[in-house]
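Data from target.pdb: PDB, C-alpha atoms
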ATOM      1  CA  MET A  28      15.064  -4.653  25.940  1.00  0.00           C
ATOM      2  CA  ASN A  29      12.144  -4.938  28.354  1.00  0.00           C
ATOM      3  CA  GLY A  30       9.885  -7.971  28.632  1.00  0.00           C
ATOM      4  CA  ARG A  31      10.512 -11.658  28.303  1.00  0.00           C
ATOM      5  CA  PRO A  32      12.825 -12.914  25.544  1.00  0.00           C
ATOM      6  CA  LEU A  33      11.169 -14.170  22.379  1.00  0.00           C
ATOM      7  CA  ARG A  34      11.685 -17.919  22.851  1.00  0.00           C
ATOM      8  CA  PHE A  35       9.749 -19.103  19.818  1.00  0.00           C
ATOM      9  CA  THR A  36       8.575 -18.019  16.429  1.00  0.00           C
ATOM     10  CA  PRO A  37       4.954 -18.517  15.413  1.00  0.00           C
ATOM     11  CA  ARG A  38       3.954 -21.298  13.054  1.00  0.00           C
ATOM     12  CA  ARG A  39       2.372 -20.200   9.802  1.00  0.00           C
ATOM     13  CA  ASP A  40      -0.810 -21.971  10.898  1.00  0.00           C
ATOM     14  CA  ALA A  41      -0.915 -20.131  14.249  1.00  0.00           C
ATOM     15  CA  GLY A  42      -3.629 -17.818  12.954  1.00  0.00           C
ATOM     16  CA  LEU A  43      -3.641 -14.271  11.653  1.00  0.00           C
ATOM     17  CA  TYR A  44      -2.657 -12.847  15.043  1.00  0.00           C
ATOM     18  CA  GLY A  45       0.125 -15.358  15.775  1.00  0.00           C
ATOM     19  CA  PHE A  46       3.007 -13.007  15.001  1.00  0.00           C
ATOM     20  CA  GLU A  47       1.569 -10.223  17.169  1.00  0.00           C
ATOM     21  CA  ARG A  48       1.005 -12.665  20.056  1.00  0.00           C
ATOM     22  CA  ALA A  49       4.577 -13.990  19.827  1.00  0.00           C
ATOM     23  CA  LEU A  50       6.061 -10.507  19.710  1.00  0.00           C
ATOM     24  CA  GLY A  51       3.886  -9.351  22.603  1.00  0.00           C
ATOM     25  CA  HIS A  52       5.089 -12.345  24.612  1.00  0.00           C
ATOM     26  CA  GLY A  53       8.636 -11.130  24.032  1.00  0.00           C
ATOM     27  CA  GLY A  54       7.847  -7.589  25.174  1.00  0.00           C
ATOM     28  CA  PHE A  55       7.400  -6.059  21.728  1.00  0.00           C
ATOM     29  CA  SER A  56       4.166  -4.093  21.824  1.00  0.00           C
ATOM     30  CA  PRO A  57       2.615  -2.418  19.932  1.00  0.00           C
ATOM     31  CA  VAL A  58       3.320  -4.085  16.590  1.00  0.00           C
ATOM     32  CA  ALA A  59       2.818  -2.208  13.319  1.00  0.00           C
ATOM     33  CA  GLY A  60       2.187  -3.688   9.895  1.00  0.00           C
ATOM     34  CA  VAL A  61       3.125  -1.941   6.651  1.00  0.00           C
ATOM     35  CA  ASP A  62       2.317  -2.711   3.014  1.00  0.00           C
ATOM     36  CA  GLU A  63       1.983  -0.997  -0.356  1.00  0.00           C
ATOM     37  CA  ALA A  64      -0.426  -0.834  -3.274  1.00  0.00           C
ATOM     38  CA  GLY A  65       0.432   0.007  -6.866  1.00  0.00           C
ATOM     39  CA  ARG A  66       4.056  -1.106  -7.046  1.00  0.00           C
ATOM     40  CA  GLY A  67       3.464  -3.019 -10.296  1.00  0.00           C
ATOM     41  CA  ALA A  68       1.105  -0.529 -11.927  1.00  0.00           C
ATOM     42  CA  CYS A  69       2.342   1.555 -14.843  1.00  0.00           C
ATOM     43  CA  ALA A  70       0.095   4.511 -13.990  1.00  0.00           C
ATOM     44  CA  GLY A  71      -0.907   6.364 -10.870  1.00  0.00           C
ATOM     45  CA  PRO A  72       0.723   6.838  -7.480  1.00  0.00           C
ATOM     46  CA  LEU A  73       2.350   4.353  -5.153  1.00  0.00           C
ATOM     47  CA  VAL A  74       0.409   4.152  -1.880  1.00  0.00           C
ATOM     48  CA  ILE A  75       1.770   2.788   1.395  1.00  0.00           C
ATOM     49  CA  GLY A  76      -0.343   1.968   4.441  1.00  0.00           C
ATOM     50  CA  ALA A  77       0.627   1.256   8.038  1.00  0.00           C
ATOM     51  CA  ALA A  78      -1.539   0.034  10.894  1.00  0.00           C
ATOM     52  CA  ILE A  79      -1.388  -0.846  14.570  1.00  0.00           C
ATOM     53  CA  LEU A  80      -4.392  -2.880  15.624  1.00  0.00           C
ATOM     54  CA  ALA A  81      -5.968  -2.294  19.012  1.00  0.00           C
ATOM     55  CA  ASP A  82      -5.534  -4.734  21.874  1.00  0.00           C
ATOM     56  CA  GLY A  83      -8.229  -7.230  22.744  1.00  0.00           C
ATOM     57  CA  LYS A  84     -11.525  -7.730  20.982  1.00  0.00           C
ATOM     58  CA  ARG A  85     -11.458  -4.263  19.408  1.00  0.00           C
ATOM     59  CA  GLY A  86      -8.438  -5.257  17.351  1.00  0.00           C
ATOM     60  CA  ARG A  87      -9.967  -8.535  16.128  1.00  0.00           C
ATOM     61  CA  ILE A  88     -11.442  -7.570  12.769  1.00  0.00           C
ATOM     62  CA  GLU A  89     -13.199 -10.499  11.155  1.00  0.00           C
ATOM     63  CA  GLY A  90     -12.339 -11.207   7.524  1.00  0.00           C
ATOM     64  CA  LEU A  91      -8.905  -9.570   7.338  1.00  0.00           C
ATOM     65  CA  ASN A  92      -6.923 -10.919   4.398  1.00  0.00           C
ATOM     66  CA  ASP A  93      -4.654  -9.879   1.561  1.00  0.00           C
ATOM     67  CA  SER A  94      -6.515  -6.968  -0.054  1.00  0.00           C
ATOM     68  CA  LYS A  95      -6.036  -8.493  -3.520  1.00  0.00           C
ATOM     69  CA  LEU A  96      -8.034 -11.570  -2.468  1.00  0.00           C
ATOM     70  CA  LEU A  97     -11.083  -9.557  -1.373  1.00  0.00           C
ATOM     71  CA  THR A  98     -13.922  -8.161  -3.447  1.00  0.00           C
ATOM     72  CA  PRO A  99     -14.026  -4.354  -3.781  1.00  0.00           C
ATOM     73  CA  ALA A 100     -17.156  -4.204  -1.608  1.00  0.00           C
ATOM     74  CA  ARG A 101     -15.542  -6.304   1.124  1.00  0.00           C
ATOM     75  CA  ARG A 102     -12.359  -4.208   1.012  1.00  0.00           C
ATOM     76  CA  GLU A 103     -14.393  -1.028   1.454  1.00  0.00           C
ATOM     77  CA  ALA A 104     -16.284  -2.490   4.410  1.00  0.00           C
ATOM     78  CA  LEU A 105     -13.078  -3.676   6.079  1.00  0.00           C
ATOM     79  CA  TYR A 106     -11.413  -0.324   5.389  1.00  0.00           C
ATOM     80  CA  GLU A 107     -14.153   1.435   7.355  1.00  0.00           C
ATOM     81  CA  GLU A 108     -13.716  -1.006  10.248  1.00  0.00           C
ATOM     82  CA  ILE A 109      -9.942  -0.608  10.265  1.00  0.00           C
ATOM     83  CA  VAL A 110      -9.909   3.197  10.313  1.00  0.00           C
ATOM     84  CA  GLU A 111     -12.559   3.192  13.035  1.00  0.00           C
ATOM     85  CA  ARG A 112     -11.105   0.474  15.283  1.00  0.00           C
ATOM     86  CA  ALA A 113      -7.327   0.502  14.740  1.00  0.00           C
ATOM     87  CA  ALA A 114      -5.157   1.951  17.481  1.00  0.00           C
ATOM     88  CA  SER A 115      -3.346   3.945  14.798  1.00  0.00           C
ATOM     89  CA  TRP A 116      -3.096   4.009  11.019  1.00  0.00           C
ATOM     90  CA  SER A 117      -1.543   6.119   8.284  1.00  0.00           C
ATOM     91  CA  VAL A 118      -1.328   6.373   4.509  1.00  0.00           C
ATOM     92  CA  ILE A 119       1.475   7.858   2.407  1.00  0.00           C
ATOM     93  CA  ILE A 120       0.865   8.723  -1.255  1.00  0.00           C
ATOM     94  CA  VAL A 121       3.922   8.874  -3.524  1.00  0.00           C
ATOM     95  CA  PRO A 122       3.109  10.623  -6.813  1.00  0.00           C
ATOM     96  CA  ARG A 123       3.915   9.257 -10.256  1.00  0.00           C
ATOM     97  CA  ASP A 124       6.710  11.752 -10.931  1.00  0.00           C
ATOM     98  CA  GLU A 125       8.616  10.673  -7.813  1.00  0.00           C
ATOM     99  CA  VAL A 126       8.313   7.027  -8.854  1.00  0.00           C
ATOM    100  CA  ASP A 127       9.829   7.991 -12.214  1.00  0.00           C
ATOM    101  CA  ARG A 128      12.561  10.095 -10.642  1.00  0.00           C
ATOM    102  CA  PHE A 129      13.750   7.753  -7.896  1.00  0.00           C
ATOM    103  CA  GLY A 130      12.503   4.305  -8.925  1.00  0.00           C
ATOM    104  CA  VAL A 131       9.631   2.295  -7.515  1.00  0.00           C
ATOM    105  CA  HIS A 132      11.664   0.250  -4.998  1.00  0.00           C
ATOM    106  CA  ARG A 133      13.393   3.262  -3.482  1.00  0.00           C
ATOM    107  CA  CYS A 134      10.054   5.082  -3.257  1.00  0.00           C
ATOM    108  CA  ASN A 135       8.513   2.024  -1.652  1.00  0.00           C
ATOM    109  CA  ILE A 136      11.201   1.794   1.042  1.00  0.00           C
ATOM    110  CA  THR A 137      11.068   5.527   1.751  1.00  0.00           C
ATOM    111  CA  GLY A 138       7.262   5.485   1.787  1.00  0.00           C
ATOM    112  CA  MET A 139       7.213   2.612   4.283  1.00  0.00           C
ATOM    113  CA  ARG A 140       9.530   4.527   6.597  1.00  0.00           C
ATOM    114  CA  ARG A 141       7.303   7.588   6.322  1.00  0.00           C
ATOM    115  CA  ALA A 142       4.125   5.589   6.911  1.00  0.00           C
ATOM    116  CA  VAL A 143       5.524   4.038  10.101  1.00  0.00           C
ATOM    117  CA  ALA A 144       6.800   7.432  11.298  1.00  0.00           C
ATOM    118  CA  ALA A 145       3.342   8.943  10.671  1.00  0.00           C
ATOM    119  CA  LEU A 146       1.610   6.521  13.046  1.00  0.00           C
ATOM    120  CA  GLY A 147       0.212   8.096  16.190  1.00  0.00           C
ATOM    121  CA  GLN A 148       2.004   5.508  18.327  1.00  0.00           C
ATOM    122  CA  ARG A 149       5.640   4.505  18.171  1.00  0.00           C
ATOM    123  CA  PRO A 150       5.734   0.777  17.378  1.00  0.00           C
ATOM    124  CA  ALA A 151       8.001  -1.566  19.296  1.00  0.00           C
ATOM    125  CA  TYR A 152       8.238  -3.829  16.247  1.00  0.00           C
ATOM    126  CA  VAL A 153       7.351  -3.532  12.555  1.00  0.00           C
ATOM    127  CA  LEU A 154       6.232  -6.345  10.250  1.00  0.00           C
ATOM    128  CA  SER A 155       6.334  -5.731   6.506  1.00  0.00           C
ATOM    129  CA  ASP A 156       5.042  -7.708   3.560  1.00  0.00           C
ATOM    130  CA  GLY A 157       7.642  -9.727   1.683  1.00  0.00           C
ATOM    131  CA  PHE A 158      10.915  -8.010   2.525  1.00  0.00           C
ATOM    132  CA  SER A 159      12.548  -6.194   5.416  1.00  0.00           C
ATOM    133  CA  VAL A 160      12.682  -2.410   5.428  1.00  0.00           C
ATOM    134  CA  PRO A 161      15.978  -0.840   6.547  1.00  0.00           C
ATOM    135  CA  GLY A 162      16.051   2.388   8.498  1.00  0.00           C
ATOM    136  CA  LEU A 163      12.861   1.995  10.504  1.00  0.00           C
ATOM    137  CA  MET A 164      12.486   3.400  14.007  1.00  0.00           C
ATOM    138  CA  ALA A 165      12.031  -0.088  15.495  1.00  0.00           C
ATOM    139  CA  PRO A 166      13.197  -3.681  14.943  1.00  0.00           C
ATOM    140  CA  SER A 167      11.483  -5.214  11.937  1.00  0.00           C
ATOM    141  CA  LEU A 168      10.903  -8.373   9.976  1.00  0.00           C
ATOM    142  CA  GLY A 169       9.812  -9.051   6.417  1.00  0.00           C
ATOM    143  CA  VAL A 170       7.176 -11.785   6.242  1.00  0.00           C
ATOM    144  CA  ILE A 171       6.623 -13.773   3.054  1.00  0.00           C
ATOM    145  CA  LYS A 172       2.967 -13.337   2.017  1.00  0.00           C
ATOM    146  CA  GLY A 173       2.588 -11.267   5.155  1.00  0.00           C
ATOM    147  CA  ASP A 174      -0.704  -9.759   3.998  1.00  0.00           C
ATOM    148  CA  GLN A 175      -2.196 -13.273   4.173  1.00  0.00           C
ATOM    149  CA  VAL A 176      -0.721 -14.429   7.496  1.00  0.00           C
ATOM    150  CA  VAL A 177      -0.302 -11.314   9.699  1.00  0.00           C
ATOM    151  CA  ALA A 178      -3.297  -9.263  10.823  1.00  0.00           C
ATOM    152  CA  CYS A 179      -1.628  -5.848  11.009  1.00  0.00           C
ATOM    153  CA  ILE A 180      -0.039  -6.283   7.565  1.00  0.00           C
ATOM    154  CA  ALA A 181      -3.416  -7.321   6.126  1.00  0.00           C
ATOM    155  CA  ALA A 182      -4.957  -4.183   7.645  1.00  0.00           C
ATOM    156  CA  ALA A 183      -2.210  -2.002   6.159  1.00  0.00           C
ATOM    157  CA  SER A 184      -2.709  -3.708   2.788  1.00  0.00           C
ATOM    158  CA  ILE A 185      -6.433  -2.924   2.794  1.00  0.00           C
ATOM    159  CA  VAL A 186      -5.905   0.709   3.821  1.00  0.00           C
ATOM    160  CA  ALA A 187      -3.353   1.189   1.030  1.00  0.00           C
ATOM    161  CA  LYS A 188      -5.392  -0.626  -1.626  1.00  0.00           C
ATOM    162  CA  VAL A 189      -8.684   1.154  -0.935  1.00  0.00           C
ATOM    163  CA  THR A 190      -6.957   4.548  -0.848  1.00  0.00           C
ATOM    164  CA  ARG A 191      -5.241   3.899  -4.171  1.00  0.00           C
ATOM    165  CA  ASP A 192      -8.370   2.494  -5.820  1.00  0.00           C
ATOM    166  CA  ARG A 193     -10.274   5.655  -4.873  1.00  0.00           C
ATOM    167  CA  ILE A 194      -7.512   7.794  -6.398  1.00  0.00           C
ATOM    168  CA  MET A 195      -7.574   5.779  -9.630  1.00  0.00           C
ATOM    169  CA  ILE A 196     -11.365   6.050  -9.879  1.00  0.00           C
ATOM    170  CA  ASP A 197     -10.991   9.833  -9.552  1.00  0.00           C
ATOM    171  CA  LEU A 198      -8.307   9.791 -12.261  1.00  0.00           C
ATOM    172  CA  HIS A 199     -10.723   7.949 -14.557  1.00  0.00           C
ATOM    173  CA  GLU A 200     -12.873  11.086 -14.547  1.00  0.00           C
ATOM    174  CA  ARG A 201      -9.921  13.096 -15.873  1.00  0.00           C
ATOM    175  CA  PHE A 202      -8.531  10.457 -18.234  1.00  0.00           C
ATOM    176  CA  PRO A 203     -11.528   8.334 -19.312  1.00  0.00           C
ATOM    177  CA  HIS A 204      -9.785   6.693 -22.301  1.00  0.00           C
ATOM    178  CA  TYR A 205      -7.723   4.323 -20.165  1.00  0.00           C
ATOM    179  CA  GLY A 206     -10.257   2.612 -17.886  1.00  0.00           C
ATOM    180  CA  PHE A 207      -8.436   3.429 -14.655  1.00  0.00           C
ATOM    181  CA  ASP A 208     -11.642   2.709 -12.737  1.00  0.00           C
ATOM    182  CA  VAL A 209     -11.435  -0.959 -13.813  1.00  0.00           C
ATOM    183  CA  HIS A 210      -7.774  -2.002 -13.923  1.00  0.00           C
ATOM    184  CA  LYS A 211      -6.393   0.746 -11.629  1.00  0.00           C
ATOM    185  CA  GLY A 212      -3.397   1.396 -13.886  1.00  0.00           C
ATOM    186  CA  TYR A 213      -2.068  -2.148 -14.212  1.00  0.00           C
ATOM    187  CA  ALA A 214      -0.938  -3.365 -17.635  1.00  0.00           C
ATOM    188  CA  THR A 215      -4.027  -5.343 -18.626  1.00  0.00           C
ATOM    189  CA  LYS A 216      -4.806  -6.041 -22.284  1.00  0.00           C
ATOM    190  CA  ALA A 217      -7.420  -3.285 -22.301  1.00  0.00           C
ATOM    191  CA  HIS A 218      -5.020  -0.790 -20.726  1.00  0.00           C
ATOM    192  CA  THR A 219      -2.231  -1.728 -23.131  1.00  0.00           C
ATOM    193  CA  ALA A 220      -4.577  -1.268 -26.088  1.00  0.00           C
ATOM    194  CA  ALA A 221      -5.651   2.150 -24.783  1.00  0.00           C
ATOM    195  CA  LEU A 222      -2.006   3.159 -24.338  1.00  0.00           C
ATOM    196  CA  ALA A 223      -1.236   2.157 -27.930  1.00  0.00           C
ATOM    197  CA  GLU A 224      -4.201   4.137 -29.221  1.00  0.00           C
ATOM    198  CA  HIS A 225      -4.001   7.279 -27.114  1.00  0.00           C
ATOM    199  CA  GLY A 226      -0.406   7.391 -25.862  1.00  0.00           C
ATOM    200  CA  PRO A 227       0.480   8.018 -22.214  1.00  0.00           C
ATOM    201  CA  CYS A 228      -1.271  10.587 -20.051  1.00  0.00           C
ATOM    202  CA  ALA A 229       0.208  12.683 -17.250  1.00  0.00           C
ATOM    203  CA  GLU A 230      -0.287   9.870 -14.737  1.00  0.00           C
ATOM    204  CA  HIS A 231       1.619   7.173 -16.641  1.00  0.00           C
ATOM    205  CA  ARG A 232       5.008   6.122 -15.291  1.00  0.00           C
ATOM    206  CA  LEU A 233       7.453   6.862 -18.085  1.00  0.00           C
ATOM    207  CA  SER A 234      10.176   4.855 -16.327  1.00  0.00           C
ATOM    208  CA  PHE A 235       8.202   1.639 -16.840  1.00  0.00           C
ATOM    209  CA  VAL A 236       9.294  -0.415 -19.837  1.00  0.00           C
ATOM    210  CA  ASN A 237       5.919  -0.699 -21.569  1.00  0.00           C
ATOM    211  CA  VAL A 238       5.231   3.048 -21.327  1.00  0.00           C
ATOM    212  CA  GLY A 239       8.784   4.131 -22.171  1.00  0.00           C
ATOM    213  CA  ARG A 240       8.920   1.831 -25.194  1.00  0.00           C
ATOM    214  CA  LEU A 241       5.724   3.383 -26.535  1.00  0.00           C
ATOM    215  CA  VAL A 242       7.027   6.921 -26.009  1.00  0.00           C
ATOM    216  CA  ARG A 243      10.307   6.141 -27.786  1.00  0.00           C
ATOM    217  CA  LYS A 244       8.520   4.433 -30.651  1.00  0.00           C
ATOM    218  CA  ASN A 245       6.076   7.242 -31.292  1.00  0.00           C
ATOM    219  CA  GLY A 246       8.148  10.167 -30.107  1.00  0.00           C
ATOM    220  CA  ASP A 247       5.259  11.136 -27.844  1.00  0.00           C
ATOM    221  CA  VAL A 248       5.263  13.788 -25.185  1.00  0.00           C
ATOM    222  CA  VAL A 249       3.103  13.050 -22.149  1.00  0.00           C
ATOM    223  CA  THR A 250      -0.411  14.037 -23.130  1.00  0.00           C
ATOM    224  CA  GLY A 251      -3.617  14.900 -21.364  1.00  0.00           C
ATOM    225  CA  GLU A 252      -4.414  17.470 -18.702  1.00  0.00           C
ATOM    226  CA  GLN A 253      -2.483  17.553 -15.453  1.00  0.00           C
ATOM    227  CA  THR A 254      -4.255  15.945 -12.555  1.00  0.00           C
ATOM    228  CA  GLY A 255      -4.704  19.217 -10.712  1.00  0.00           C
ATOM    229  CA  GLU A 256      -3.843  17.531  -7.390  1.00  0.00           C
ATOM    230  CA  ASP A 257      -0.356  17.197  -5.972  1.00  0.00           C
ATOM    231  CA  HIS A 258       0.097  14.083  -3.809  1.00  0.00           C
ATOM    232  CA  ARG A 259       3.795  14.777  -3.241  1.00  0.00           C
ATOM    233  CA  THR A 260       3.668  15.283   0.517  1.00  0.00           C
ATOM    234  CA  ARG A 261       0.226  13.929   1.196  1.00  0.00           C
ATOM    235  CA  THR A 262      -0.394  11.868   4.319  1.00  0.00           C
ATOM    236  CA  GLU A 263      -3.887  10.633   4.951  1.00  0.00           C
ATOM    237  CA  GLY A 264      -5.898   9.363   7.861  1.00  0.00           C
ATOM    238  CA  VAL A 265      -3.756   9.264  10.965  1.00  0.00           C
ATOM    239  CA  ARG A 266      -5.765   7.982  13.907  1.00  0.00           C
ATOM    240  CA  VAL A 267      -4.613   7.496  17.496  1.00  0.00           C
TER     241      VAL A 267
END

Just give me the structure as structure tokens.
Amino acid sequence: MNGRPLRFTPRRDAGLYGFERALGHGGFSPVAGVDEAGRGACAGPLVIGAAILADGKRGRIEGLNDSKLLTPARREALYEEIVERAASWSVIIVPRDEVDRFGVHRCNITGMRRAVAALGQRPAYVLSDGFSVPGLMAPSLGVIKGDQVVACIAAASIVAKVTRDRIMIDLHERFPHYGFDVHKGYATKAHTAALAEHGPCAEHRLSFVNVGRLVRKNGDVVTGEQTGEDHRTRTEGVRV
């Protein structure tokens, strides 16, 4: 391993860039962050983002935070800054049928590996939100609430969230009964009521308990038109 040994770990109050600074001090550069959006939704794809922020002032993006804590307008603005100023970024979209076939956690792990591999630079270290990801191309660490305390994870979170929100807004045009443009496929009261009234559409995850219970109860077959767009192997927005 090149560089100086990592002799300390950053305090949680060391600032959003503390982890990257500590890893850089130990010779681990560049550092990639990876996070997902849509893991708990019962409709729509799972989306995974990865990001390597640029060195110096270019990589200091004011207002980075957990995407869930930002307003939609602020997320969109930060998304544009990230894709313009990041050293590298990528997005992997895992379609609903793969989530049903393999399970959301397995798809999440595989998607994170793919997102890191799709980056235009090979990271020396990878930081992920919440849990470690086995099988990456570099050493890695899972950081609890990483999207709130690590800049590159926050950037990945925003890229993933904005990409998925845009997909769900498009799906609302095809399946207007469910309000995907508002709740983005999560099991809100309004979404649950729409599911009970209309049954599942082609973008609902049949492996999820609330959807599967409804199908078994009513004997439904998945209804509604197909989405007309296959996200199976889709990778978006790789920038070097």

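Distances from A:Val131, A:Ala178, A:Val118, A:Met195 to A:Leu154 were compared using all atoms listed in the file, and the smallest one belongs to A:Ala178.
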
### Query
Which is closer to A:Tyr205 than all the others in A:Arg87, A:Arg149, A:His218, A:Lys95, using only C-alpha atoms?
A:His218

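In this structure, atom CA of A:Lys211 sits 22.2 Å away from atom CA of A:Ile109.
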
#### Entry: Shell of 10 Å around stretch 232-240 of chain A, all atoms listed in the file, local chain residues under 5 positions omitted, as a ChimeraX atom specification
/A:67-72,122-131,212,214,219,222-223,226-227,245-247,249

Within 12 Å of A:Asn92 using only C-alpha atoms, minus same-chain residues under 3 positions, as a PDB file with C-alpha atoms, in the coordinates of the input:
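Saved as result.pdb:
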ATOM      1  CA  GLY A  42      -3.629 -17.818  12.954  1.00  0.00           C
ATOM      2  CA  LEU A  43      -3.641 -14.271  11.653  1.00  0.00           C
ATOM      3  CA  TYR A  44      -2.657 -12.847  15.043  1.00  0.00           C
ATOM      4  CA  ILE A  88     -11.442  -7.570  12.769  1.00  0.00           C
ATOM      5  CA  GLU A  89     -13.199 -10.499  11.155  1.00  0.00           C
ATOM      6  CA  LYS A  95      -6.036  -8.493  -3.520  1.00  0.00           C
ATOM      7  CA  LEU A  96      -8.034 -11.570  -2.468  1.00  0.00           C
ATOM      8  CA  LEU A  97     -11.083  -9.557  -1.373  1.00  0.00           C
ATOM      9  CA  THR A  98     -13.922  -8.161  -3.447  1.00  0.00           C
ATOM     10  CA  ARG A 101     -15.542  -6.304   1.124  1.00  0.00           C
ATOM     11  CA  ARG A 102     -12.359  -4.208   1.012  1.00  0.00           C
ATOM     12  CA  LEU A 105     -13.078  -3.676   6.079  1.00  0.00           C
ATOM     13  CA  TYR A 106     -11.413  -0.324   5.389  1.00  0.00           C
ATOM     14  CA  LYS A 172       2.967 -13.337   2.017  1.00  0.00           C
ATOM     15  CA  GLY A 173       2.588 -11.267   5.155  1.00  0.00           C
ATOM     16  CA  ASP A 174      -0.704  -9.759   3.998  1.00  0.00           C
ATOM     17  CA  GLN A 175      -2.196 -13.273   4.173  1.00  0.00           C
ATOM     18  CA  VAL A 176      -0.721 -14.429   7.496  1.00  0.00           C
ATOM     19  CA  VAL A 177      -0.302 -11.314   9.699  1.00  0.00           C
ATOM     20  CA  ALA A 178      -3.297  -9.263  10.823  1.00  0.00           C
ATOM     21  CA  CYS A 179      -1.628  -5.848  11.009  1.00  0.00           C
ATOM     22  CA  ILE A 180      -0.039  -6.283   7.565  1.00  0.00           C
ATOM     23  CA  ALA A 181      -3.416  -7.321   6.126  1.00  0.00           C
ATOM     24  CA  ALA A 182      -4.957  -4.183   7.645  1.00  0.00           C
ATOM     25  CA  ALA A 183      -2.210  -2.002   6.159  1.00  0.00           C
ATOM     26  CA  SER A 184      -2.709  -3.708   2.788  1.00  0.00           C
ATOM     27  CA  ILE A 185      -6.433  -2.924   2.794  1.00  0.00           C
ATOM     28  CA  VAL A 186      -5.905   0.709   3.821  1.00  0.00           C
TER      29      VAL A 186
END

Output check: residues returned by the PyMOL selection byres ((chain A and resi 80-84) around 6), as a CSV table (one decimal) with C-alpha atoms, in the frame of the given file:
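The resulting file, expr-v5.csv, is reproduced below:
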chain,number,residue,atom,x,y,z
A,79,ILE,CA,-1.4,-0.8,14.6
A,85,ARG,CA,-11.5,-4.3,19.4
A,86,GLY,CA,-8.4,-5.3,17.4
A,87,ARG,CA,-10.0,-8.5,16.1
A,113,ALA,CA,-7.3,0.5,14.7
A,114,ALA,CA,-5.2,2.0,17.5

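Here the question is which of A:Val170, A:Ala145, A:Val189, A:Ala151 gets nearest to A:Ala64 using all atoms listed in the file, and that residue is A:Val189.
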
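Counting from atom CA of A:Val110, the distance to atom CA of A:Met139 is 18.2 Å.
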
### Message
Applying the PyMOL selection byres ((chain A and resi 152) around 6) to the file I just gave you, which residues come out? Please list them as a ChimeraX atom specification.
### Response
/A:55,58,150-151,153,165-167

For the selection you just gave me, I'd like the residues written to a file as a PDB file, in the frame of the given file, keeping C-alpha atoms.
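Result went into out.pdb, see below:
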ATOM      1  CA  PHE A  55       7.400  -6.059  21.728  1.00  0.00           C
ATOM      2  CA  VAL A  58       3.320  -4.085  16.590  1.00  0.00           C
ATOM      3  CA  PRO A 150       5.734   0.777  17.378  1.00  0.00           C
ATOM      4  CA  ALA A 151       8.001  -1.566  19.296  1.00  0.00           C
ATOM      5  CA  VAL A 153       7.351  -3.532  12.555  1.00  0.00           C
ATOM      6  CA  ALA A 165      12.031  -0.088  15.495  1.00  0.00           C
ATOM      7  CA  PRO A 166      13.197  -3.681  14.943  1.00  0.00           C
ATOM      8  CA  SER A 167      11.483  -5.214  11.937  1.00  0.00           C
TER       9      SER A 167
END
